[in-house]
Structure formats: structure tokens, C-alpha cells
Amino acid sequence: MQPSGIVTITTDFGHKGPFVAVMKGVILDRFPAAKIIDLAHDIPAQWPPEAGFWVSRSWRWFPQGTVHLAIVDPGVGTERDILVVDLGGHIFMAPDNGLLGQLIASHEEARVLQLEVDRLDLPAPSATFHGRDIFAPVAAGLAAGQFKADDVAVATTEWTPGWIEEPEATAGRVAGVIVTIDTFGNLISNIDESLLAELAEPVINIAGQQVPMLRTYGLAQPGDYLALVNSFGVVEVARAEGSAADGLGCARGAPLVIRDGYSL
């Protein structure tokens, strides 16, 4: 990887308190020229699947050489490992708790390594803020080209799989789950557009409703539900000028099924 100097950060830290800012300070102290981009900090607390979903759907829009740092870490301070993944000229770092499971499983070419903290000249980390004490310094070093992934990590064939099962596709039917809900109340699923190829008239079944697939939001009447393939290439359920999450009473983990045509 040829470093670009860019570091993206994804956490469940929210915007209350200094935690994200302190991590940025550590990166900039070690690499003043770093370009730090906040991908998302409103991930639900201690819920790695959503962080992994956004990282896996967003990384391609960044230049090669970007370091993607993702921290949702309920096991901080325990013996859990830290993964470093080399994929497509990008580097990903996250706790080995399933956060990167979907990304790894979706790309056979991904090189997966375990960080060996003993190789790093770092002060003893706190038990509760590895983002500051381990992740940020390593991300800075990788982004600056001070060292490579293989200098600080060892290849592994073992990692924690993602927490959410992959969508199930059978003849005339695709089943998946809601992974995240955006600020508009749109229900974003883990069903990739490619899984709809065999469905002539896909209709989404969710919370007792049958929802048509449309091209975009404005094609539905205000208050009506619709489904579409969103800008990240996955199926989303929305409500025109309203919140699908509130209207349908759905939350993360809610099942949805896409069938070919309407059913009685």
C-alpha cells in the first residue's frame, strides 16, 4: 500500500465528550500532515455490525492508500485481538469482534493480520481507551508510511465472523434484515442490488406490509411506503416525506423478504 495520508474514523463514541477529538490529536501529533475524515460516530453503542456495514459500503469512495479505523469495542481491555486488513490498496483496523467480518468474507483477496502490540514502542495502554492508546498511534504510523502492516502484524486465518447472517436467496425470494436506520427514518437492509437480478417484479414484505420497488423517493405519494436501491447499492425501505421506521415500527434487526410480485 502506498499511503495517501488519509485516515477515516468510525466509532460508537457519539459527539458527547472529547473521545474522538483526543484520537485525532494523537494522530496529528504523530503525523501532522494527516487528513482525518469522520465516517460515522453515531453507531449504536456496542453494535459492531453497523460500523462494519458502513465501512464495507464506503471504503471504495476514498483514494487508495487510505487507512480506515473502526472502533466499536465492548471487549476493550480484554484479550480480544485487533485486526489489520489489507484490501485493494486500503488498510482497515478494528477489534476482532465481527466488525470486519462481512468485509473479509466478501473479498477473497483480503489479507487478514493480527496486530502485535509488542512490536510497537507504545506506553502501556489504559484498560478502557485503546482508540487513543493503540488504534490512533498505529493508524498514524500506517498513514504516514512510517511502517507497513506486515511490520506490526502477523498473518492469520482466524477472525470473528460478522454477527448478522448474509441474505438468503432462493428461487423467487430473497430474505435479509435491517442493518441501520438513517436520520430520515429510512430502513437500510443488507440485501445487495445484485440479489434482485432474478426477480422480475420485486416486492418487499416487511412488518405486514407489501412495498413496491421504485427508482427514487419522489415517485411515491406523500405518506406512501416504497423500496429502492439506495446510493450504497442495497435495498432500503422508505416513506415519502415521512419515517418508515416510525410508521412500520421497525428497528435494527427487523426481517424483510423480497418476493417476485405481490402475494395474496
# chains A, B, ... in the order shown; residues from 1 in each chain; ligands from 1
call {"tool": "residues_around", "arguments": {"residues": "A:Ala124", "least_positions_apart": "4", "cutoff": "10 Å", "atoms": "only C-alpha atoms", "output": "PyMOL selection string"}}
result
chain A and resi 117+133-134
call {"tool": "closest_atom_pairs", "arguments": {"of": "stretch 79-193 of chain A", "to": "stretch 27-38 of chain A", "cutoff": "12 Å", "atoms": "only C-alpha atoms", "output": "CSV"}}
result
residue,atom,partner,partner_atom,distance
A:Gly131,CA,A:Ile27,CA,10.6
A:Arg132,CA,A:Ile27,CA,8.8
A:Asp133,CA,A:Ile27,CA,10.4
A:Ile134,CA,A:Ile27,CA,10.6
A:Phe135,CA,A:Ile27,CA,9.3
A:Ala136,CA,A:Ile27,CA,5.5
A:Pro137,CA,A:Ile27,CA,6.0
A:Val138,CA,A:Ile27,CA,8.6
A:Ala139,CA,A:Ile27,CA,7.2
A:Ala140,CA,A:Ile27,CA,5.0
A:Gly141,CA,A:Arg30,CA,7.4
A:Leu142,CA,A:Phe31,CA,9.8
A:Ala143,CA,A:Ala34,CA,7.3
A:Ala144,CA,A:Phe31,CA,6.3
A:Gly145,CA,A:Phe31,CA,9.8
A:Gln146,CA,A:Phe31,CA,9.5
call {"tool": "write_last_selection", "arguments": {"atoms": "C-alpha atoms", "output": "compact mmCIF listing (two decimals), in the first residue's frame"}}
result
# COMPACT_ATOMS: atom_id res chain seq x y z
CA GLY A 131 -8.72 4.03 20.49
CA ARG A 132 -6.36 6.65 21.89
CA ASP A 133 -3.56 4.40 23.12
CA ILE A 134 -3.28 1.77 20.36
CA PHE A 135 -5.50 2.38 17.33
CA ALA A 136 -4.69 6.05 16.79
CA PRO A 137 -0.88 5.68 17.01
CA VAL A 138 -0.88 2.68 14.67
CA ALA A 139 -3.20 4.41 12.19
CA ALA A 140 -0.91 7.44 12.20
CA GLY A 141 2.15 5.29 11.51
CA LEU A 142 0.46 3.43 8.68
CA ALA A 143 -0.95 6.60 7.12
CA ALA A 144 2.44 8.32 7.31
CA GLY A 145 4.29 5.35 5.82
CA GLN A 146 6.44 5.05 8.96
call {"tool": "residues_around", "arguments": {"residues": "stretch 49-53 of chain A", "least_positions_apart": "3", "cutoff": "9 Å", "atoms": "only C-alpha atoms", "output": "PyMOL selection string"}}
result
chain A and resi 10-12+40-41+43-44+56-58+70-72+98-103+162-164+179-180+190
call {"tool": "write_last_selection", "arguments": {"atoms": "N, CA, C and O atoms", "output": "mmCIF file, in the first residue's frame"}}
result
data_model
loop_
_atom_site.group_PDB
_atom_site.id
_atom_site.type_symbol
_atom_site.label_atom_id
_atom_site.label_comp_id
_atom_site.auth_asym_id
_atom_site.auth_seq_id
_atom_site.Cartn_x
_atom_site.Cartn_y
_atom_site.Cartn_z
ATOM 1 N N THR A 10 -14.447 5.608 12.289
ATOM 2 C CA THR A 10 -15.823 5.191 12.554
ATOM 3 C C THR A 10 -15.879 4.677 13.989
ATOM 4 O O THR A 10 -15.089 3.805 14.360
ATOM 5 N N THR A 11 -16.794 5.207 14.801
ATOM 6 C CA THR A 11 -16.895 4.769 16.195
ATOM 7 C C THR A 11 -18.349 4.803 16.659
ATOM 8 O O THR A 11 -19.237 5.334 15.975
ATOM 9 N N ASP A 12 -18.553 4.298 17.864
ATOM 10 C CA ASP A 12 -19.833 4.452 18.561
ATOM 11 C C ASP A 12 -19.702 5.469 19.692
ATOM 12 O O ASP A 12 -20.502 5.474 20.628
ATOM 13 N N ALA A 40 -18.398 7.979 10.565
ATOM 14 C CA ALA A 40 -19.615 7.951 11.389
ATOM 15 C C ALA A 40 -19.221 7.772 12.848
ATOM 16 O O ALA A 40 -18.332 6.972 13.162
ATOM 17 N N HIS A 41 -19.880 8.519 13.726
ATOM 18 C CA HIS A 41 -19.674 8.348 15.172
ATOM 19 C C HIS A 41 -20.987 8.107 15.911
ATOM 20 O O HIS A 41 -21.012 8.068 17.137
ATOM 21 N N ILE A 43 -22.807 5.334 15.524
ATOM 22 C CA ILE A 43 -23.094 3.898 15.534
ATOM 23 C C ILE A 43 -23.725 3.549 16.884
ATOM 24 O O ILE A 43 -23.275 4.043 17.928
ATOM 25 N N PRO A 44 -24.770 2.715 16.918
ATOM 26 C CA PRO A 44 -25.344 2.339 18.207
ATOM 27 C C PRO A 44 -24.289 1.725 19.121
ATOM 28 O O PRO A 44 -23.437 0.949 18.676
ATOM 29 N N SER A 56 -17.712 -1.221 5.075
ATOM 30 C CA SER A 56 -17.654 -2.085 3.893
ATOM 31 C C SER A 56 -18.352 -1.471 2.693
ATOM 32 O O SER A 56 -18.041 -1.815 1.538
ATOM 33 N N ARG A 57 -19.296 -0.545 2.940
ATOM 34 C CA ARG A 57 -20.023 0.091 1.843
ATOM 35 C C ARG A 57 -19.429 1.435 1.430
ATOM 36 O O ARG A 57 -19.852 2.015 0.418
ATOM 37 N N SER A 58 -18.466 1.949 2.200
ATOM 38 C CA SER A 58 -17.970 3.302 1.960
ATOM 39 C C SER A 58 -16.533 3.367 1.458
ATOM 40 O O SER A 58 -16.144 4.367 0.828
ATOM 41 N N ALA A 70 -11.864 1.702 12.600
ATOM 42 C CA ALA A 70 -13.235 1.495 13.078
ATOM 43 C C ALA A 70 -13.192 0.907 14.476
ATOM 44 O O ALA A 70 -12.584 -0.149 14.700
ATOM 45 N N ILE A 71 -13.833 1.596 15.405
ATOM 46 C CA ILE A 71 -13.783 1.168 16.803
ATOM 47 C C ILE A 71 -15.188 1.119 17.387
ATOM 48 O O ILE A 71 -15.810 2.151 17.648
ATOM 49 N N VAL A 72 -15.708 -0.074 17.533
ATOM 50 C CA VAL A 72 -16.862 -0.370 18.369
ATOM 51 C C VAL A 72 -16.393 -1.564 19.177
ATOM 52 O O VAL A 72 -16.275 -2.667 18.648
ATOM 53 N N GLY A 98 -16.057 -9.185 14.991
ATOM 54 C CA GLY A 98 -17.063 -9.306 13.943
ATOM 55 C C GLY A 98 -17.260 -8.058 13.130
ATOM 56 O O GLY A 98 -17.931 -8.099 12.095
ATOM 57 N N LEU A 99 -16.657 -6.941 13.551
ATOM 58 C CA LEU A 99 -16.858 -5.679 12.843
ATOM 59 C C LEU A 99 -16.430 -5.792 11.381
ATOM 60 O O LEU A 99 -17.123 -5.300 10.483
ATOM 61 N N LEU A 100 -15.291 -6.422 11.134
ATOM 62 C CA LEU A 100 -14.785 -6.556 9.763
ATOM 63 C C LEU A 100 -15.154 -7.902 9.125
ATOM 64 O O LEU A 100 -14.686 -8.215 8.038
ATOM 65 N N GLY A 101 -15.989 -8.664 9.802
ATOM 66 C CA GLY A 101 -16.322 -9.994 9.302
ATOM 67 C C GLY A 101 -16.944 -9.984 7.928
ATOM 68 O O GLY A 101 -16.589 -10.791 7.059
ATOM 69 N N GLN A 102 -17.903 -9.083 7.688
ATOM 70 C CA GLN A 102 -18.564 -9.024 6.380
ATOM 71 C C GLN A 102 -17.588 -8.600 5.298
ATOM 72 O O GLN A 102 -17.576 -9.163 4.191
ATOM 73 N N LEU A 103 -16.750 -7.614 5.597
ATOM 74 C CA LEU A 103 -15.776 -7.147 4.610
ATOM 75 C C LEU A 103 -14.839 -8.274 4.208
ATOM 76 O O LEU A 103 -14.579 -8.496 3.017
ATOM 77 N N GLY A 162 -18.953 -11.955 11.053
ATOM 78 C CA GLY A 162 -19.962 -10.932 11.312
ATOM 79 C C GLY A 162 -21.121 -11.483 12.128
ATOM 80 O O GLY A 162 -21.414 -12.679 12.085
ATOM 81 N N TRP A 163 -21.762 -10.609 12.856
ATOM 82 C CA TRP A 163 -22.862 -11.015 13.728
ATOM 83 C C TRP A 163 -24.155 -11.280 12.965
ATOM 84 O O TRP A 163 -25.012 -12.020 13.434
ATOM 85 N N ILE A 164 -24.310 -10.653 11.800
ATOM 86 C CA ILE A 164 -25.549 -10.767 11.032
ATOM 87 C C ILE A 164 -25.338 -11.744 9.887
ATOM 88 O O ILE A 164 -24.365 -11.639 9.143
ATOM 89 N N VAL A 179 -30.203 -3.366 8.771
ATOM 90 C CA VAL A 179 -28.923 -3.182 9.452
ATOM 91 C C VAL A 179 -28.859 -1.844 10.171
ATOM 92 O O VAL A 179 -28.332 -1.730 11.277
ATOM 93 N N THR A 180 -29.410 -0.814 9.540
ATOM 94 C CA THR A 180 -29.304 0.517 10.118
ATOM 95 C C THR A 180 -30.489 1.367 9.700
ATOM 96 O O THR A 180 -31.212 1.047 8.740
ATOM 97 N N ASN A 190 -29.406 -5.308 4.422
ATOM 98 C CA ASN A 190 -28.148 -5.914 3.972
ATOM 99 C C ASN A 190 -28.316 -6.638 2.640
ATOM 100 O O ASN A 190 -27.460 -7.436 2.251
#
call {"tool": "atom_distance", "arguments": {"atom1": "atom CA of A:Leu187", "atom2": "atom CA of A:Val235"}}
result
8.6 Å
call {"tool": "closest_atom_pairs", "arguments": {"of": "stretch 144-182 of chain A", "to": "stretch 236-257 of chain A", "cutoff": "8 Å", "atoms": "only C-alpha atoms", "output": "CSV"}}
result
residue,atom,partner,partner_atom,distance
A:Arg173,CA,A:Val257,CA,6.9
A:Val174,CA,A:Val257,CA,5.7
A:Ala175,CA,A:Val257,CA,4.4
A:Gly176,CA,A:Leu256,CA,5.6
A:Val177,CA,A:Pro255,CA,4.4
A:Ile178,CA,A:Gly253,CA,5.1
A:Val179,CA,A:Arg252,CA,5.4
A:Thr180,CA,A:Arg252,CA,5.6
A:Ile181,CA,A:Arg252,CA,7.1
call {"tool": "write_last_selection", "arguments": {"atoms": "N, CA and C atoms", "output": "PDB file, in the first residue's frame"}}
result
ATOM      1  N   ARG A 173     -37.236 -15.444  -4.242  1.00  0.00           N
ATOM      2  CA  ARG A 173     -37.322 -14.931  -2.869  1.00  0.00           C
ATOM      3  C   ARG A 173     -35.931 -14.574  -2.352  1.00  0.00           C
ATOM      4  N   VAL A 174     -35.819 -13.418  -1.697  1.00  0.00           N
ATOM      5  CA  VAL A 174     -34.593 -13.004  -1.021  1.00  0.00           C
ATOM      6  C   VAL A 174     -34.967 -12.526   0.369  1.00  0.00           C
ATOM      7  N   ALA A 175     -34.284 -13.033   1.379  1.00  0.00           N
ATOM      8  CA  ALA A 175     -34.567 -12.655   2.765  1.00  0.00           C
ATOM      9  C   ALA A 175     -33.338 -12.004   3.383  1.00  0.00           C
ATOM     10  N   GLY A 176     -33.542 -10.922   4.105  1.00  0.00           N
ATOM     11  CA  GLY A 176     -32.454 -10.231   4.769  1.00  0.00           C
ATOM     12  C   GLY A 176     -32.953  -9.534   6.018  1.00  0.00           C
ATOM     13  N   VAL A 177     -32.158  -8.586   6.527  1.00  0.00           N
ATOM     14  CA  VAL A 177     -32.526  -7.867   7.745  1.00  0.00           C
ATOM     15  C   VAL A 177     -32.191  -6.386   7.587  1.00  0.00           C
ATOM     16  N   ILE A 178     -32.797  -5.579   8.436  1.00  0.00           N
ATOM     17  CA  ILE A 178     -32.464  -4.164   8.513  1.00  0.00           C
ATOM     18  C   ILE A 178     -31.193  -4.023   9.346  1.00  0.00           C
ATOM     19  N   VAL A 179     -30.203  -3.366   8.771  1.00  0.00           N
ATOM     20  CA  VAL A 179     -28.923  -3.182   9.452  1.00  0.00           C
ATOM     21  C   VAL A 179     -28.859  -1.844  10.171  1.00  0.00           C
ATOM     22  N   THR A 180     -29.410  -0.814   9.540  1.00  0.00           N
ATOM     23  CA  THR A 180     -29.304   0.517  10.118  1.00  0.00           C
ATOM     24  C   THR A 180     -30.489   1.367   9.700  1.00  0.00           C
ATOM     25  N   ILE A 181     -30.698   2.461  10.431  1.00  0.00           N
ATOM     26  CA  ILE A 181     -31.768   3.412  10.147  1.00  0.00           C
ATOM     27  C   ILE A 181     -31.125   4.785  10.044  1.00  0.00           C
TER      28      ILE A 181
END
call {"tool": "atom_distance", "arguments": {"atom1": "atom CA of A:Ile206", "atom2": "atom CA of A:Asn97"}}
result
29.1 Å
call {"tool": "select_by_dssp", "arguments": {"residues": "stretch 57-176 of chain A", "states": "alpha helix (DSSP H)", "output": "list in words"}}
result
Arg57, Ser58, Gly101, Gln102, Leu103, Ile104, Ala105, Ser106, His130, Ala136, Pro137, Val138, Ala139, Ala140, Gly141, Leu142, Ala143, Ala144, Ala149, Asp150, Asp151 and Val152 of chain A
call {"tool": "write_last_selection", "arguments": {"atoms": "C-alpha atoms", "output": "PDB file, in the first residue's frame"}}
result
ATOM      1  CA  ARG A  57     -20.023   0.091   1.843  1.00  0.00           C
ATOM      2  CA  SER A  58     -17.970   3.302   1.960  1.00  0.00           C
ATOM      3  CA  GLY A 101     -16.322  -9.994   9.302  1.00  0.00           C
ATOM      4  CA  GLN A 102     -18.564  -9.024   6.380  1.00  0.00           C
ATOM      5  CA  LEU A 103     -15.776  -7.147   4.610  1.00  0.00           C
ATOM      6  CA  ILE A 104     -13.391 -10.083   4.900  1.00  0.00           C
ATOM      7  CA  ALA A 105     -15.985 -12.678   3.880  1.00  0.00           C
ATOM      8  CA  SER A 106     -16.950 -10.640   0.815  1.00  0.00           C
ATOM      9  CA  HIS A 130      -7.478   1.644  23.173  1.00  0.00           C
ATOM     10  CA  ALA A 136      -4.688   6.052  16.793  1.00  0.00           C
ATOM     11  CA  PRO A 137      -0.875   5.676  17.009  1.00  0.00           C
ATOM     12  CA  VAL A 138      -0.876   2.680  14.666  1.00  0.00           C
ATOM     13  CA  ALA A 139      -3.203   4.415  12.187  1.00  0.00           C
ATOM     14  CA  ALA A 140      -0.909   7.437  12.199  1.00  0.00           C
ATOM     15  CA  GLY A 141       2.152   5.289  11.513  1.00  0.00           C
ATOM     16  CA  LEU A 142       0.462   3.428   8.677  1.00  0.00           C
ATOM     17  CA  ALA A 143      -0.949   6.597   7.118  1.00  0.00           C
ATOM     18  CA  ALA A 144       2.439   8.322   7.311  1.00  0.00           C
ATOM     19  CA  ALA A 149       1.059  -3.578   8.098  1.00  0.00           C
ATOM     20  CA  ASP A 150       3.460  -6.519   7.960  1.00  0.00           C
ATOM     21  CA  ASP A 151       5.861  -4.671  10.247  1.00  0.00           C
ATOM     22  CA  VAL A 152       3.355  -4.565  13.102  1.00  0.00           C
TER      23      VAL A 152
END
call {"tool": "atom_distance", "arguments": {"atom1": "atom CA of A:Leu115", "atom2": "atom CA of A:Glu166"}}
result
26.9 Å
call {"tool": "residues_around", "arguments": {"residues": "A:Val203", "least_positions_apart": "2", "cutoff": "7 Å", "atoms": "only C-alpha atoms", "output": "NGL selection string"}}
result
:A and (201 or 205 or 210-213 or 258-262)
call {"tool": "residues_around", "arguments": {"residues": "A:Ser194", "least_positions_apart": "2", "cutoff": "12 Å", "atoms": "only C-alpha atoms", "output": "list in words"}}
result
Pro167, Ala169, Val174, Asn190, Ile191, Asp192, Leu196, Ala197, Glu198, Leu199, Val229, Gly233, Val234 and Val235 of chain A
call {"tool": "decode", "arguments": {"residues": "stretch 138-219 of chain A", "atoms": "C-alpha atoms", "output": "mmCIF file, in the first residue's frame"}}
result
data_model
loop_
_atom_site.group_PDB
_atom_site.id
_atom_site.type_symbol
_atom_site.label_atom_id
_atom_site.label_comp_id
_atom_site.auth_asym_id
_atom_site.auth_seq_id
_atom_site.Cartn_x
_atom_site.Cartn_y
_atom_site.Cartn_z
ATOM 1 C CA VAL A 138 -0.876 2.680 14.666
ATOM 2 C CA ALA A 139 -3.203 4.415 12.187
ATOM 3 C CA ALA A 140 -0.909 7.437 12.199
ATOM 4 C CA GLY A 141 2.152 5.289 11.513
ATOM 5 C CA LEU A 142 0.462 3.428 8.677
ATOM 6 C CA ALA A 143 -0.949 6.597 7.118
ATOM 7 C CA ALA A 144 2.439 8.322 7.311
ATOM 8 C CA GLY A 145 4.290 5.355 5.818
ATOM 9 C CA GLN A 146 6.440 5.053 8.956
ATOM 10 C CA PHE A 147 5.804 1.313 8.856
ATOM 11 C CA LYS A 148 3.735 -1.198 6.898
ATOM 12 C CA ALA A 149 1.059 -3.578 8.098
ATOM 13 C CA ASP A 150 3.460 -6.519 7.960
ATOM 14 C CA ASP A 151 5.861 -4.671 10.247
ATOM 15 C CA VAL A 152 3.355 -4.565 13.102
ATOM 16 C CA ALA A 153 1.039 -7.511 12.450
ATOM 17 C CA VAL A 154 1.176 -11.201 11.570
ATOM 18 C CA ALA A 155 -0.999 -13.002 9.034
ATOM 19 C CA THR A 156 -3.880 -15.047 10.404
ATOM 20 C CA THR A 157 -6.617 -17.289 9.057
ATOM 21 C CA GLU A 158 -8.811 -16.896 12.122
ATOM 22 C CA TRP A 159 -11.129 -13.994 12.868
ATOM 23 C CA THR A 160 -14.571 -13.436 14.311
ATOM 24 C CA PRO A 161 -17.312 -13.614 11.659
ATOM 25 C CA GLY A 162 -19.962 -10.932 11.312
ATOM 26 C CA TRP A 163 -22.862 -11.015 13.728
ATOM 27 C CA ILE A 164 -25.549 -10.767 11.032
ATOM 28 C CA GLU A 165 -26.149 -13.657 8.672
ATOM 29 C CA GLU A 166 -25.783 -12.991 4.979
ATOM 30 C CA PRO A 167 -29.032 -12.631 2.964
ATOM 31 C CA GLU A 168 -30.632 -15.856 1.801
ATOM 32 C CA ALA A 169 -31.590 -16.039 -1.868
ATOM 33 C CA THR A 170 -33.772 -18.811 -3.298
ATOM 34 C CA ALA A 171 -35.976 -19.053 -6.369
ATOM 35 C CA GLY A 172 -38.241 -16.019 -6.388
ATOM 36 C CA ARG A 173 -37.322 -14.931 -2.869
ATOM 37 C CA VAL A 174 -34.593 -13.004 -1.021
ATOM 38 C CA ALA A 175 -34.567 -12.655 2.765
ATOM 39 C CA GLY A 176 -32.454 -10.231 4.769
ATOM 40 C CA VAL A 177 -32.526 -7.867 7.745
ATOM 41 C CA ILE A 178 -32.464 -4.164 8.513
ATOM 42 C CA VAL A 179 -28.923 -3.182 9.452
ATOM 43 C CA THR A 180 -29.304 0.517 10.118
ATOM 44 C CA ILE A 181 -31.768 3.412 10.147
ATOM 45 C CA ASP A 182 -30.714 6.771 8.779
ATOM 46 C CA THR A 183 -31.665 10.233 10.018
ATOM 47 C CA PHE A 184 -34.758 10.268 7.771
ATOM 48 C CA GLY A 185 -36.096 7.026 9.253
ATOM 49 C CA ASN A 186 -35.201 5.018 6.146
ATOM 50 C CA LEU A 187 -34.692 1.318 6.852
ATOM 51 C CA ILE A 188 -31.451 0.165 5.238
ATOM 52 C CA SER A 189 -31.045 -3.566 4.662
ATOM 53 C CA ASN A 190 -28.148 -5.914 3.972
ATOM 54 C CA ILE A 191 -29.654 -7.035 0.640
ATOM 55 C CA ASP A 192 -27.386 -6.130 -2.244
ATOM 56 C CA GLU A 193 -28.845 -4.987 -5.554
ATOM 57 C CA SER A 194 -27.250 -7.975 -7.290
ATOM 58 C CA LEU A 195 -29.588 -10.347 -5.442
ATOM 59 C CA LEU A 196 -32.594 -8.840 -7.230
ATOM 60 C CA ALA A 197 -31.419 -9.815 -10.700
ATOM 61 C CA GLU A 198 -33.721 -12.841 -10.951
ATOM 62 C CA LEU A 199 -36.841 -11.021 -9.714
ATOM 63 C CA ALA A 200 -38.983 -9.537 -12.487
ATOM 64 C CA GLU A 201 -41.231 -7.537 -10.132
ATOM 65 C CA PRO A 202 -39.602 -7.339 -6.685
ATOM 66 C CA VAL A 203 -41.993 -6.528 -3.860
ATOM 67 C CA ILE A 204 -40.750 -6.027 -0.298
ATOM 68 C CA ASN A 205 -42.618 -7.676 2.559
ATOM 69 C CA ILE A 206 -41.912 -6.017 5.919
ATOM 70 C CA ALA A 207 -43.916 -5.582 9.123
ATOM 71 C CA GLY A 208 -47.049 -6.940 7.435
ATOM 72 C CA GLN A 209 -46.807 -4.509 4.529
ATOM 73 C CA GLN A 210 -46.121 -5.137 0.853
ATOM 74 C CA VAL A 211 -44.000 -2.311 -0.504
ATOM 75 C CA PRO A 212 -43.265 -1.654 -4.188
ATOM 76 C CA MET A 213 -39.784 -1.123 -5.581
ATOM 77 C CA LEU A 214 -39.384 2.306 -7.153
ATOM 78 C CA ARG A 215 -36.430 4.156 -8.634
ATOM 79 C CA THR A 216 -36.405 7.083 -6.212
ATOM 80 C CA TYR A 217 -38.319 8.730 -3.357
ATOM 81 C CA GLY A 218 -40.183 11.348 -5.396
ATOM 82 C CA LEU A 219 -42.075 8.709 -7.381
#
